[in-house]
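Enquirer: model-v3.cif is reproduced in full below (mmCIF, C-alpha atoms and all ligand atoms).
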data_target
loop_
_atom_site.label_atom_id
_atom_site.label_comp_id
_atom_site.auth_asym_id
_atom_site.auth_seq_id
_atom_site.Cartn_x
_atom_site.Cartn_y
_atom_site.Cartn_z
CA ASN A 1 -19.82 -19.61 36.11
CA GLY A 2 -19.30 -19.08 32.41
CA SER A 3 -19.99 -15.36 32.50
CA GLU A 4 -17.03 -14.80 34.82
CA LEU A 5 -14.96 -16.43 32.14
CA THR A 6 -16.26 -14.06 29.46
CA ASP A 7 -14.70 -11.05 31.20
CA VAL A 8 -11.34 -12.76 31.38
CA MET A 9 -11.59 -13.87 27.75
CA ASN A 10 -12.31 -10.35 26.59
CA TYR A 11 -9.31 -9.13 28.51
CA VAL A 12 -6.99 -11.83 27.19
CA ASN A 13 -8.17 -11.57 23.58
CA ALA A 14 -7.52 -7.83 23.56
CA ASN A 15 -3.89 -8.57 24.43
CA GLN A 16 -3.05 -11.25 21.85
CA THR A 17 -0.11 -10.72 19.53
CA THR A 18 0.33 -11.85 15.94
CA PRO A 19 2.99 -14.52 15.29
CA ASN A 20 6.06 -13.53 13.30
CA LYS A 21 5.95 -15.27 9.89
CA ASP A 22 9.74 -15.55 9.75
CA TYR A 23 9.74 -17.87 12.74
CA TYR A 24 6.36 -19.57 12.71
CA GLY A 25 6.75 -23.33 12.37
CA ILE A 26 10.53 -23.36 11.91
CA ALA A 27 10.79 -26.14 14.53
CA LYS A 28 7.72 -28.04 13.36
CA ASP A 29 7.60 -31.69 14.50
CA ARG A 30 10.93 -31.50 16.31
CA ASN A 31 11.29 -33.06 19.74
CA VAL A 32 10.96 -30.45 22.47
CA ILE A 33 13.33 -30.54 25.42
CA ILE A 34 12.79 -27.89 28.08
CA ILE A 35 15.35 -27.56 30.84
CA SER A 36 14.63 -25.88 34.13
CA LEU A 37 17.96 -24.47 35.26
CA GLU A 38 17.69 -24.64 39.03
CA SER A 39 18.20 -21.26 40.74
CA MET A 40 20.15 -19.86 37.81
CA GLN A 41 20.21 -16.07 37.68
CA ASP A 42 21.26 -14.14 34.63
CA PHE A 43 24.15 -12.24 36.25
CA VAL A 44 26.41 -15.30 35.91
CA ILE A 45 26.11 -15.40 32.11
CA ASN A 46 29.12 -13.92 30.31
CA ASN A 47 30.63 -13.10 33.68
CA LYS A 48 33.65 -14.16 35.73
CA VAL A 49 34.58 -14.95 39.31
CA ASN A 50 38.23 -14.73 40.42
CA GLY A 51 39.06 -14.26 36.72
CA GLN A 52 37.42 -17.60 35.83
CA THR A 53 34.49 -17.91 33.45
CA ILE A 54 31.39 -19.14 35.31
CA THR A 55 29.26 -20.55 32.47
CA PRO A 56 31.56 -21.28 29.50
CA PHE A 57 29.08 -23.50 27.70
CA LEU A 58 26.04 -21.27 28.06
CA ASN A 59 28.23 -18.31 27.08
CA SER A 60 29.14 -20.07 23.85
CA LEU A 61 25.42 -20.42 23.10
CA THR A 62 24.91 -16.68 23.50
CA LYS A 63 27.10 -16.29 20.40
CA ASP A 64 25.68 -19.24 18.50
CA LYS A 65 23.76 -18.83 15.25
CA ASP A 66 21.21 -21.49 16.19
CA THR A 67 20.39 -19.90 19.52
CA LEU A 68 18.32 -17.02 20.79
CA TYR A 69 19.41 -15.81 24.19
CA TYR A 70 17.32 -13.31 26.17
CA ASP A 71 19.17 -11.21 28.72
CA ASN A 72 16.21 -9.14 29.93
CA PHE A 73 14.01 -12.04 30.96
CA TYR A 74 12.50 -12.41 34.44
CA HIS A 75 11.25 -15.27 36.58
CA GLN A 76 7.69 -14.74 37.80
CA THR A 77 7.52 -17.30 40.57
CA GLY A 78 6.21 -16.99 44.11
CA LEU A 79 6.33 -19.39 47.04
CA GLY A 80 5.96 -22.41 44.74
CA LYS A 81 9.50 -21.92 43.39
CA THR A 82 10.41 -24.59 40.78
CA SER A 83 6.80 -25.73 40.61
CA ASP A 84 5.51 -22.21 40.01
CA ALA A 85 7.88 -21.92 37.06
CA GLU A 86 6.58 -25.23 35.74
CA PHE A 87 3.03 -23.98 36.12
CA ILE A 88 3.78 -20.76 34.28
CA VAL A 89 5.51 -22.60 31.43
CA GLU A 90 2.62 -25.05 31.04
CA ASN A 91 -0.19 -22.51 31.29
CA SER A 92 1.16 -19.06 30.41
CA MET A 93 -0.58 -17.86 33.58
CA PHE A 94 0.73 -16.73 36.92
CA GLY A 95 0.84 -19.01 39.95
CA THR A 96 -1.15 -17.90 42.95
CA GLY A 97 -0.04 -15.02 45.16
CA ARG A 98 -0.19 -17.18 48.27
CA GLY A 99 1.19 -20.69 48.58
CA ALA A 100 2.06 -22.94 45.67
CA VAL A 101 -0.56 -23.41 42.97
CA PHE A 102 0.65 -27.02 42.59
CA PHE A 103 -0.77 -27.63 46.07
CA THR A 104 -3.71 -25.24 46.19
CA ASN A 105 -5.23 -25.90 42.75
CA SER A 106 -4.23 -29.34 41.51
CA GLY A 107 -7.93 -30.21 41.17
CA ASN A 108 -8.57 -27.51 38.58
CA THR A 109 -9.10 -27.96 34.86
CA TYR A 110 -6.24 -26.66 32.75
CA HIS A 111 -5.47 -26.44 29.11
CA SER A 112 -1.73 -26.97 29.38
CA MET A 113 1.04 -26.98 26.82
CA ALA A 114 1.38 -30.73 27.47
CA GLU A 115 -2.26 -31.22 26.54
CA GLN A 116 -1.75 -29.33 23.29
CA MET A 117 1.35 -31.36 22.58
CA ASN A 118 -0.54 -34.61 23.23
CA GLN A 119 -3.10 -33.46 20.69
CA ALA A 120 -0.35 -32.63 18.23
CA GLY A 121 0.87 -36.22 18.45
CA TYR A 122 3.70 -35.76 20.92
CA GLN A 123 4.64 -38.05 23.83
CA THR A 124 4.73 -35.82 26.93
CA SER A 125 6.81 -36.28 30.06
CA VAL A 126 8.85 -34.71 32.83
CA MET A 127 12.20 -36.04 34.08
CA HIS A 128 13.27 -35.17 37.61
CA SER A 129 15.14 -37.20 40.18
CA ASN A 130 12.97 -36.54 43.21
CA ASN A 131 10.02 -38.24 44.86
CA LYS A 132 6.97 -37.98 42.67
CA SER A 133 4.88 -36.30 45.38
CA PHE A 134 7.34 -33.46 46.01
CA TRP A 135 5.48 -30.21 45.24
CA ASN A 136 2.42 -32.44 44.68
CA ARG A 137 3.78 -33.09 41.19
CA ASP A 138 2.11 -36.46 40.76
CA LEU A 139 -1.35 -34.94 41.15
CA MET A 140 -0.64 -31.71 39.28
CA TYR A 141 0.96 -33.52 36.35
CA ASP A 142 -2.26 -35.49 35.93
CA ALA A 143 -4.22 -32.24 35.92
CA LEU A 144 -1.78 -30.85 33.34
CA ASN A 145 -2.13 -33.98 31.20
CA ILE A 146 1.57 -34.82 31.33
CA LYS A 147 1.50 -38.49 30.40
CA LYS A 148 4.63 -39.77 32.10
CA PHE A 149 6.70 -38.65 35.07
CA TYR A 150 10.20 -40.12 35.18
CA ASP A 151 10.72 -39.49 38.90
CA VAL A 152 13.50 -40.72 41.21
CA GLU A 153 12.41 -44.34 40.59
CA SER A 154 13.48 -44.01 36.95
CA PHE A 155 17.04 -43.03 37.84
CA ASN A 156 20.00 -44.92 39.18
CA VAL A 157 20.93 -42.91 42.27
CA THR A 158 23.88 -43.95 44.39
CA GLU A 159 25.81 -42.34 47.18
CA GLN A 160 28.58 -41.70 44.68
CA ASN A 161 26.52 -39.94 42.03
CA SER A 162 24.54 -37.75 44.41
CA ALA A 163 25.17 -34.64 46.48
CA ASN A 164 23.13 -31.85 48.05
CA TRP A 165 19.50 -32.59 47.00
CA GLY A 166 20.16 -35.88 45.22
CA LEU A 167 21.33 -37.10 41.83
CA LYS A 168 23.97 -34.74 40.42
CA ASP A 169 23.15 -32.92 37.20
CA ILE A 170 25.78 -34.63 35.03
CA PRO A 171 24.56 -38.20 35.71
CA PHE A 172 21.00 -36.84 35.60
CA MET A 173 21.53 -35.49 32.09
CA GLU A 174 23.26 -38.70 30.96
CA GLN A 175 20.52 -40.92 32.31
CA SER A 176 17.79 -38.64 30.97
CA VAL A 177 19.12 -39.04 27.43
CA GLU A 178 19.09 -42.82 27.93
CA LEU A 179 15.41 -42.54 28.87
CA MET A 180 14.71 -40.33 25.85
CA LYS A 181 16.13 -42.96 23.52
CA ASP A 182 13.20 -45.20 24.42
CA ILE A 183 10.47 -42.62 23.89
CA LYS A 184 8.57 -42.58 20.63
CA GLN A 185 9.29 -39.41 18.67
CA PRO A 186 8.30 -36.66 18.53
CA PHE A 187 8.39 -36.13 22.27
CA TYR A 188 8.05 -33.18 24.61
CA THR A 189 9.98 -33.62 27.83
CA ARG A 190 10.93 -31.24 30.61
CA LEU A 191 14.10 -31.84 32.61
CA LEU A 192 14.34 -30.31 36.07
CA SER A 193 17.96 -29.88 37.12
CA LEU A 194 18.82 -29.81 40.80
CA SER A 195 22.54 -29.51 41.65
CA ASN A 196 22.46 -25.72 41.74
CA HIS A 197 20.02 -25.65 44.64
CA PHE A 198 20.40 -23.80 47.92
CA PRO A 199 22.65 -24.21 49.97
CA PHE A 200 24.89 -24.60 46.88
CA ILE A 201 27.22 -27.25 48.20
CA SER A 202 29.15 -29.67 46.02
CA ASP A 203 31.79 -32.40 46.23
CA ASP A 204 35.41 -31.35 45.69
CA GLU A 205 35.59 -33.43 42.51
CA ASP A 206 32.72 -31.38 41.00
CA GLN A 207 34.28 -28.01 41.72
CA PHE A 208 35.83 -27.02 38.42
CA ILE A 209 36.37 -23.40 39.45
CA LYS A 210 37.38 -21.82 42.78
CA PRO A 211 34.72 -20.45 45.13
CA TYR A 212 34.19 -16.73 45.46
CA ASP A 213 35.84 -15.20 48.52
CA SER A 214 33.19 -12.99 50.13
CA GLY A 215 33.02 -15.17 53.22
CA ASP A 216 29.30 -15.74 52.62
CA LYS A 217 29.21 -19.52 52.04
CA THR A 218 25.98 -19.43 50.05
CA VAL A 219 27.20 -16.88 47.53
CA ASP A 220 30.72 -18.31 47.39
CA GLY A 221 29.53 -21.84 46.62
CA TYR A 222 26.86 -20.65 44.17
CA PHE A 223 29.40 -19.87 41.45
CA GLN A 224 30.77 -23.41 41.65
CA THR A 225 27.40 -25.14 41.50
CA VAL A 226 26.28 -22.89 38.63
CA ASN A 227 29.51 -23.79 36.84
CA TYR A 228 28.84 -27.50 37.46
CA THR A 229 25.35 -27.22 35.95
CA ASP A 230 26.82 -25.40 32.95
CA GLU A 231 29.08 -28.42 32.44
CA ALA A 232 26.06 -30.72 32.78
CA ILE A 233 24.30 -28.86 29.95
CA LYS A 234 27.38 -29.32 27.79
CA VAL A 235 27.24 -33.05 28.57
CA LEU A 236 23.53 -33.12 27.71
CA PHE A 237 24.15 -31.57 24.29
CA GLN A 238 26.91 -34.09 23.57
CA LYS A 239 24.78 -37.04 24.70
CA LEU A 240 21.90 -35.86 22.53
CA LYS A 241 24.27 -35.74 19.57
CA ASP A 242 25.60 -39.23 20.36
CA ALA A 243 22.04 -40.53 20.58
CA GLY A 244 21.06 -38.97 17.25
CA LEU A 245 18.43 -36.85 18.97
CA TYR A 246 20.09 -33.47 18.68
CA ASP A 247 19.40 -32.33 15.13
CA ASN A 248 15.67 -32.97 15.28
CA SER A 249 15.10 -31.29 18.65
CA ILE A 250 14.51 -27.80 19.93
CA ILE A 251 16.06 -27.14 23.34
CA VAL A 252 14.61 -24.44 25.56
CA MET A 253 16.27 -23.48 28.85
CA TYR A 254 15.21 -21.09 31.57
CA GLY A 255 16.40 -20.22 35.06
CA ASP A 256 13.48 -21.14 37.31
CA HIS A 257 13.89 -18.46 40.02
CA TYR A 258 16.53 -16.60 41.99
CA GLY A 259 19.13 -18.55 43.96
CA ILE A 260 20.59 -15.76 46.06
CA SER A 261 18.05 -14.12 48.34
CA GLU A 262 18.24 -10.62 49.77
CA ASN A 263 19.79 -12.09 52.92
CA HIS A 264 23.02 -12.13 50.95
CA ASN A 265 23.00 -8.55 49.75
CA SER A 266 26.37 -7.59 51.20
CA ALA A 267 28.20 -10.44 49.43
CA MET A 268 26.34 -9.61 46.22
CA ALA A 269 27.23 -5.92 46.55
CA LYS A 270 30.85 -6.94 46.81
CA TYR A 271 30.63 -9.19 43.78
CA LEU A 272 28.78 -6.64 41.67
CA ASP A 273 31.11 -3.89 42.89
CA LYS A 274 28.29 -1.73 44.26
CA GLU A 275 28.01 0.19 47.52
CA SER A 276 24.78 -1.56 48.33
CA ILE A 277 21.98 -3.53 46.67
CA THR A 278 19.02 -1.17 46.20
CA PRO A 279 15.43 -2.33 45.58
CA PHE A 280 16.11 -1.48 41.92
CA ASP A 281 19.14 -3.82 41.89
CA SER A 282 17.20 -6.56 43.69
CA THR A 283 14.53 -6.41 41.02
CA LYS A 284 17.07 -6.59 38.19
CA LEU A 285 18.58 -9.59 39.97
CA GLN A 286 15.32 -11.43 39.30
CA GLN A 287 16.52 -11.77 35.70
CA VAL A 288 17.09 -15.39 34.76
CA PRO A 289 18.65 -16.71 31.55
CA PHE A 290 16.38 -17.84 28.72
CA PHE A 291 17.67 -19.77 25.73
CA ILE A 292 16.05 -21.22 22.62
CA HIS A 293 18.34 -23.53 20.70
CA ALA A 294 17.28 -25.10 17.41
CA PRO A 295 20.18 -26.84 15.63
CA GLY A 296 20.49 -25.99 11.95
CA SER A 297 17.83 -23.30 12.03
CA ASP A 298 19.99 -20.15 11.79
CA LEU A 299 17.76 -18.63 14.46
CA GLY A 300 20.41 -16.25 15.69
CA GLU A 301 21.56 -15.24 12.25
CA LYS A 302 18.14 -13.82 11.53
CA ALA A 303 18.01 -11.68 14.60
CA GLY A 304 21.33 -11.62 16.45
CA SER A 305 21.72 -14.16 19.23
CA THR A 306 21.26 -11.89 22.23
CA LYS A 307 17.82 -10.36 22.48
CA HIS A 308 16.85 -7.65 24.92
CA GLU A 309 13.06 -7.84 25.01
CA VAL A 310 11.68 -7.28 28.50
CA SER A 311 10.10 -10.65 29.03
CA GLY A 312 9.28 -13.40 31.47
CA GLU A 313 8.35 -17.02 31.99
CA ILE A 314 4.73 -16.53 30.91
CA ASP A 315 6.06 -15.76 27.42
CA ILE A 316 7.69 -19.17 26.97
CA ARG A 317 4.58 -21.11 25.93
CA PRO A 318 3.34 -18.87 23.11
CA THR A 319 6.88 -18.33 21.82
CA LEU A 320 7.62 -22.04 21.71
CA LEU A 321 4.24 -23.11 20.31
CA HIS A 322 4.60 -20.65 17.45
CA LEU A 323 8.08 -21.95 16.64
CA LEU A 324 6.47 -25.40 16.46
CA GLY A 325 3.78 -24.04 14.18
CA ILE A 326 1.01 -24.69 16.71
CA ASP A 327 -1.78 -22.13 16.64
CA THR A 328 -2.42 -20.35 19.96
CA SER A 329 -5.29 -18.11 18.93
CA HIS A 330 -7.66 -20.17 21.11
CA ASP A 331 -5.31 -20.19 24.11
CA LEU A 332 -6.21 -18.26 27.21
CA GLN A 333 -2.68 -17.00 27.74
CA PHE A 334 -1.16 -14.10 29.63
CA GLY A 335 2.21 -14.14 27.94
CA SER A 336 3.07 -13.23 24.39
CA ASP A 337 5.34 -14.51 21.65
CA LEU A 338 8.74 -12.88 22.11
CA LEU A 339 9.36 -13.05 18.39
CA SER A 340 6.14 -11.23 17.55
CA LYS A 341 6.57 -7.67 16.35
CA ASP A 342 3.81 -6.65 18.81
CA HIS A 343 5.50 -8.04 21.91
CA GLU A 344 5.33 -5.33 24.55
CA ASN A 345 8.31 -4.59 26.77
CA PHE A 346 6.38 -4.97 30.01
CA THR A 347 6.85 -7.80 32.49
CA ILE A 348 5.15 -8.28 35.83
CA LEU A 349 6.52 -10.19 38.78
CA ARG A 350 4.17 -12.18 40.99
CA ASP A 351 4.46 -9.70 43.86
CA GLY A 352 3.35 -6.75 41.69
CA ARG A 353 6.78 -5.38 40.82
CA PHE A 354 7.16 -4.71 37.11
CA ILE A 355 9.70 -3.82 34.48
CA THR A 356 9.35 -1.91 31.19
CA ASP A 357 12.05 -0.68 28.83
CA GLN A 358 12.01 2.63 30.72
CA TYR A 359 10.99 1.82 34.28
CA VAL A 360 11.39 -0.60 37.13
CA TYR A 361 8.63 -0.38 39.72
CA THR A 362 9.43 -1.73 43.16
CA SER A 363 8.94 -0.73 46.82
CA GLU A 364 6.25 1.70 45.65
CA THR A 365 8.92 3.63 43.78
CA CYS A 366 9.30 4.19 40.07
CA TYR A 367 12.92 3.81 38.98
CA ASP A 368 14.50 4.88 35.72
CA THR A 369 16.09 1.78 34.14
CA LYS A 370 18.95 3.83 32.68
CA THR A 371 20.09 5.52 35.89
CA GLY A 372 18.76 3.11 38.53
CA LYS A 373 17.47 6.19 40.40
CA PRO A 374 13.85 7.14 41.19
CA THR A 375 12.25 8.92 38.23
CA LYS A 376 11.93 12.72 38.37
CA ASP A 377 8.23 12.40 37.69
CA ALA A 378 7.14 10.27 40.65
CA ASN A 379 3.97 9.29 38.77
CA ALA A 380 5.71 7.97 35.67
CA CYS A 381 4.83 4.34 36.50
CA GLN A 382 1.19 5.10 37.32
CA PRO A 383 -0.46 3.81 34.12
CA TYR A 384 1.45 0.55 34.37
CA ILE A 385 0.55 -0.03 38.03
CA LYS A 386 -3.08 -0.35 37.14
CA ARG A 387 -2.36 -2.65 34.22
CA ALA A 388 -0.03 -4.86 36.27
CA ASN A 389 -2.62 -5.36 39.00
CA GLU A 390 -5.31 -6.03 36.44
CA LYS A 391 -3.27 -8.73 34.72
CA LEU A 392 -2.44 -10.49 37.97
CA GLU A 393 -6.06 -10.28 39.03
CA MET A 394 -7.36 -11.75 35.76
CA SER A 395 -4.95 -14.67 36.07
CA ASP A 396 -5.99 -15.19 39.71
CA ARG A 397 -9.65 -15.17 38.73
CA ILE A 398 -9.14 -18.11 36.39
CA ILE A 399 -7.36 -20.15 39.01
CA ASN A 400 -9.50 -19.24 42.01
CA GLY A 401 -12.73 -19.80 40.07
CA ASP A 402 -11.42 -22.85 38.19
CA LEU A 403 -12.74 -21.06 35.12
CA MET A 404 -10.97 -23.19 32.53
CA ARG A 405 -13.63 -25.84 33.13
CA PHE A 406 -16.02 -23.56 31.24
CA TYR A 407 -13.67 -23.04 28.33
CA ASN A 408 -14.01 -24.79 25.00
CA HIS A 409 -10.59 -24.76 23.42
CA GLU A 410 -11.84 -26.04 20.08
CA THR A 411 -14.05 -23.03 19.52
CA GLY A 412 -12.30 -20.52 21.78
CA GLN A 413 -15.69 -19.87 23.38
CA VAL A 414 -17.44 -20.43 26.67
CA LYS A 415 -18.84 -23.96 26.81
CA GLU A 416 -22.55 -24.27 26.06
C1 LIG A 501 12.76 -30.24 44.01
C2 LIG A 501 12.96 -29.08 43.14
C3 LIG A 501 13.65 -27.95 43.82
O1 LIG A 501 11.98 -31.25 43.44
O2 LIG A 501 11.76 -28.70 42.59
O3 LIG A 501 12.81 -27.27 44.64
P1 LIG A 501 12.67 -25.69 44.77
O4 LIG A 501 13.64 -24.99 43.90
O5 LIG A 501 11.28 -25.43 44.38
O6 LIG A 501 12.96 -25.40 46.21
MN MN A 502 13.94 -24.41 41.91
#
Any chance you could give the structure as structure tokens?

Expert:
Amino acid sequence: NGSELTDVMNYVNANQTTPNKDYYGIAKDRNVIIISLESMQDFVINNKVNGQTITPFLNSLTKDKDTLYYDNFYHQTGLGKTSDAEFIVENSMFGTGRGAVFFTNSGNTYHSMAEQMNQAGYQTSVMHSNNKSFWNRDLMYDALNIKKFYDVESFNVTEQNSANWGLKDIPFMEQSVELMKDIKQPFYTRLLSLSNHFPFISDDEDQFIKPYDSGDKTVDGYFQTVNYTDEAIKVLFQKLKDAGLYDNSIIVMYGDHYGISENHNSAMAKYLDKESITPFDSTKLQQVPFFIHAPGSDLGEKAGSTKHEVSGEIDIRPTLLHLLGIDTSHDLQFGSDLLSKDHENFTILRDGRFITDQYVYTSETCYDTKTGKPTKDANACQPYIKRANEKLEMSDRIINGDLMRFYNHETGQVKE
């Protein structure tokens, strides 16, 4: 009932951060294009394989004055993979600890980013070349108030332009921009890329760099499919420019979750030139790239393009809404604006692991981020353990109790 919600509200309100005036509203009324970078981990950014650059286009953005790039940003997904990341972006809440929230709680009430964007006069949609019911998206998108889903039926998919899971990212980006041309502006659309999906196989003609040579096919092919997606993003930017949609848009990109699981630790140890992959390393490998690109805004000039805040997917919604000048003081959100001076360097993964600027907590061990070794004081992480569990539990309470149905967003109070 409503009183359960009051506890959660008190908790959330105590953790709100104040927006940074220098950034608030700088992207007001721009189109919003969010790109889910399938399985993209951060270790590929500004890195090489066999002497070849893996992500030349994304690397160029890390040095761009209109871009903020976060290199200490973590995915927070569980079993729901891509869909969990979507959930987190839309709600600034965690998915559920078991199963995929898109399946388990698509009947809940939410107050999503899409709903807020609808209210702000935006057209809201998702573009993804897969069947609409995959991950239960059709039902969950209704619950999230996303007005239009451009699913596989909206794309021209042929044998020639598809590989692995379906439509390749380059034609997907090209066709997505064609679809955008017909949407009334301003629009908010999310594009879910797919070529860089396990098992990371691609056609010869799409392999612009050589595979890695560890002998582990998954890891070896990963660099090529990541590189292909990087090229697809370059194509997207060009197509947006050609369509006249680039200058009045803000483009946000995040890696949705890891691509290389711990089953491939020996190949990863070879690539990273380490003896072995420790639990500390595995946790750091949950870093995914996060980019905010606003043409003509001098975003990077204000702050330096590469930012090191310890952060995660739950932070995307408040950060973006503040850039758009949309007030979030009535939002029940678990993330915080990365540009706020009060943003805390503390990020929690869905399984209870967490990262601060000093510590990484995993496998019931507190590691020192500087050395990668267990801390001398074995209890150093203790205060954070309690806070991490509390935050996950508060988020779970909302979802398990469907508590948003008692929430009045207009007033920021429990409904009468
Ligand atoms: C499929 C896409 C990929 O529609 O979401 O699935 P996932 O990464 O979640 O396995
Ligand atoms: Mn995915």

Enquirer: Step by step, measure atom-to-atom distances between ligand LIG 501 (chain A) and each residue using all atoms listed in the file, keep those at most 8 Å, then write them as a PyMOL selection string.

Expert: chain A and resi 38-39+80-84+128-131+134-135+165+192-194+197-198+256-257

Enquirer: Could you give me, as a list in words, the residues within 8 Å of range 364-369 of chain A, counting only C-alpha atoms and dropping anything in the same chain fewer than 3 positions from it?

Expert: Phe280, Asp357, Gln358, Tyr359, Val360, Tyr361, Gly372, Lys373, Pro374, Thr375, Ala378, Asn379, Ala380 and Cys381 of chain A

Enquirer: Quick one: of A:Leu321, A:Leu58, A:Val101, A:Val310, who's nearest to Thr347 in chain A, counting only C-alpha atoms?

Expert: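 Using only C-alpha atoms, Thr347 in chain A sits closest to A:Val310.
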
Enquirer: Quick one: of A:Tyr141, A:Phe57, A:Tyr23, A:Phe223, who's nearest to Phe87 in chain A, counting all atoms listed in the file?

Expert: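 Checking each of A:Tyr141, A:Phe57, A:Tyr23, A:Phe223 against Phe87 in chain A, counting all atoms listed in the file, the winner is A:Tyr141.
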
Enquirer: Tell me which protein, DNA and RNA residues are within 12 Å of Gln116 in chain A, counting all atoms listed in the file, leaving out same-chain ones fewer than 3 positions away, and put them as a PyMOL selection string.

Expert: chain A and resi 90-91+110-113+119-124+144-146+188+317-318+320-321+324-328+330-331+409-410

Enquirer: What does the distance between CA of Lys341 in chain A and CA of Ser36 in chain A come to in Å, to one decimal place?

Expert: 26.7 Å

Enquirer: May I have the residues within 9 Å of Gly312 in chain A as JSON, numbers by chain, using all atoms listed in the file and disregarding those fewer than 2 positions away in the same chain?

Expert: {"A": [72, 73, 74, 75, 76, 287, 288, 290, 310, 314, 315, 316, 335, 347, 348, 349]}

Enquirer: Just checking: using all atoms listed in the file, which residue out of A:Asn118, A:Lys147, A:Asn196, A:Gly401 ends up closest to ligand MN 502 (chain A)?

Expert: A:Asn196

Enquirer: Which value, in Å to one decimal, gives the distance between CA of Asp151 in chain A and CA of Gln238 in chain A?

Expert: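 Interatomic distance, CA of Asp151 in chain A to CA of Gln238 in chain A: 22.9 Å.
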
Enquirer: Find the residue from A:Leu79, A:Val414, A:Ile251, A:Ala267 that sits nearest to ligand MN 502 (chain A); use only C-alpha atoms and all ligand atoms when measuring.

Expert: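 Distance minimum relative to ligand MN 502 (chain A) lands on A:Leu79.
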
Enquirer: Report, in Å to a single decimal, how far apart CA of Asn105 in chain A and CA of Phe334 in chain A are.

Expert: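 Taking CA of Phe334 in chain A and CA of Asn105 in chain A, their separation equals 18.1 Å.
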
Enquirer: I need the residue nearest ligand MN 502 (chain A) from this list: A:Asn389, A:Asn263, A:Thr77, A:Thr53. Use all atoms listed in the file for the distance.

Expert: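 Checking each candidate against ligand MN 502 (chain A), we get A:Thr77 as the closest.
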
Enquirer: Measuring between all atoms listed in the file, which one of A:Gly2, A:Gly304, A:Gly259, A:Pro171 shows the shortest distance to ligand MN 502 (chain A)?

Expert: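 Using all atoms listed in the file, ligand MN 502 (chain A) sits closest to A:Gly259.
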
Enquirer: Got a sec to check which residues sit within 12 Å of (-4.3, -7.6, 26.0), counting only C-alpha atoms, and write them as JSON, numbers by chain?

Expert: {"A": [8, 9, 10, 11, 12, 13, 14, 15, 16, 17, 18, 332, 333, 334, 335, 336, 342, 343, 344, 346, 387, 388, 390, 391, 394]}

Enquirer: Complete range 56-65 of chain A at the level of N, CA, C and O atoms, written as a PDB file, keeping the file's coordinate frame.

Expert:
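Wrote it out as out_20.pdb, contents follow:
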ATOM      1  N   PRO A  56      30.970 -21.271  30.854  1.00  0.00           N
ATOM      2  CA  PRO A  56      31.560 -21.280  29.500  1.00  0.00           C
ATOM      3  C   PRO A  56      30.639 -21.843  28.426  1.00  0.00           C
ATOM      4  O   PRO A  56      30.582 -21.297  27.324  1.00  0.00           O
ATOM      5  N   PHE A  57      29.906 -22.899  28.752  1.00  0.00           N
ATOM      6  CA  PHE A  57      29.080 -23.500  27.700  1.00  0.00           C
ATOM      7  C   PHE A  57      27.890 -22.613  27.340  1.00  0.00           C
ATOM      8  O   PHE A  57      27.649 -22.334  26.159  1.00  0.00           O
ATOM      9  N   LEU A  58      27.182 -22.148  28.349  1.00  0.00           N
ATOM     10  CA  LEU A  58      26.040 -21.270  28.060  1.00  0.00           C
ATOM     11  C   LEU A  58      26.518 -19.991  27.364  1.00  0.00           C
ATOM     12  O   LEU A  58      25.848 -19.475  26.465  1.00  0.00           O
ATOM     13  N   ASN A  59      27.685 -19.496  27.752  1.00  0.00           N
ATOM     14  CA  ASN A  59      28.230 -18.310  27.080  1.00  0.00           C
ATOM     15  C   ASN A  59      28.424 -18.569  25.586  1.00  0.00           C
ATOM     16  O   ASN A  59      28.137 -17.700  24.758  1.00  0.00           O
ATOM     17  N   SER A  60      28.913 -19.768  25.275  1.00  0.00           N
ATOM     18  CA  SER A  60      29.140 -20.070  23.850  1.00  0.00           C
ATOM     19  C   SER A  60      27.807 -20.045  23.094  1.00  0.00           C
ATOM     20  O   SER A  60      27.747 -19.630  21.941  1.00  0.00           O
ATOM     21  N   LEU A  61      26.734 -20.454  23.773  1.00  0.00           N
ATOM     22  CA  LEU A  61      25.420 -20.420  23.100  1.00  0.00           C
ATOM     23  C   LEU A  61      24.958 -18.986  22.839  1.00  0.00           C
ATOM     24  O   LEU A  61      24.254 -18.728  21.862  1.00  0.00           O
ATOM     25  N   THR A  62      25.359 -18.069  23.704  1.00  0.00           N
ATOM     26  CA  THR A  62      24.910 -16.680  23.500  1.00  0.00           C
ATOM     27  C   THR A  62      25.484 -16.105  22.196  1.00  0.00           C
ATOM     28  O   THR A  62      25.023 -15.075  21.723  1.00  0.00           O
ATOM     29  N   LYS A  63      26.490 -16.771  21.641  1.00  0.00           N
ATOM     30  CA  LYS A  63      27.100 -16.290  20.400  1.00  0.00           C
ATOM     31  C   LYS A  63      26.817 -17.233  19.236  1.00  0.00           C
ATOM     32  O   LYS A  63      27.418 -17.134  18.175  1.00  0.00           O
ATOM     33  N   ASP A  64      25.898 -18.160  19.452  1.00  0.00           N
ATOM     34  CA  ASP A  64      25.680 -19.240  18.500  1.00  0.00           C
ATOM     35  C   ASP A  64      24.560 -18.882  17.516  1.00  0.00           C
ATOM     36  O   ASP A  64      23.544 -18.313  17.901  1.00  0.00           O
ATOM     37  N   LYS A  65      24.744 -19.239  16.252  1.00  0.00           N
ATOM     38  CA  LYS A  65      23.760 -18.830  15.250  1.00  0.00           C
ATOM     39  C   LYS A  65      22.432 -19.602  15.328  1.00  0.00           C
ATOM     40  O   LYS A  65      21.444 -19.205  14.737  1.00  0.00           O
TER      41      LYS A  65
END
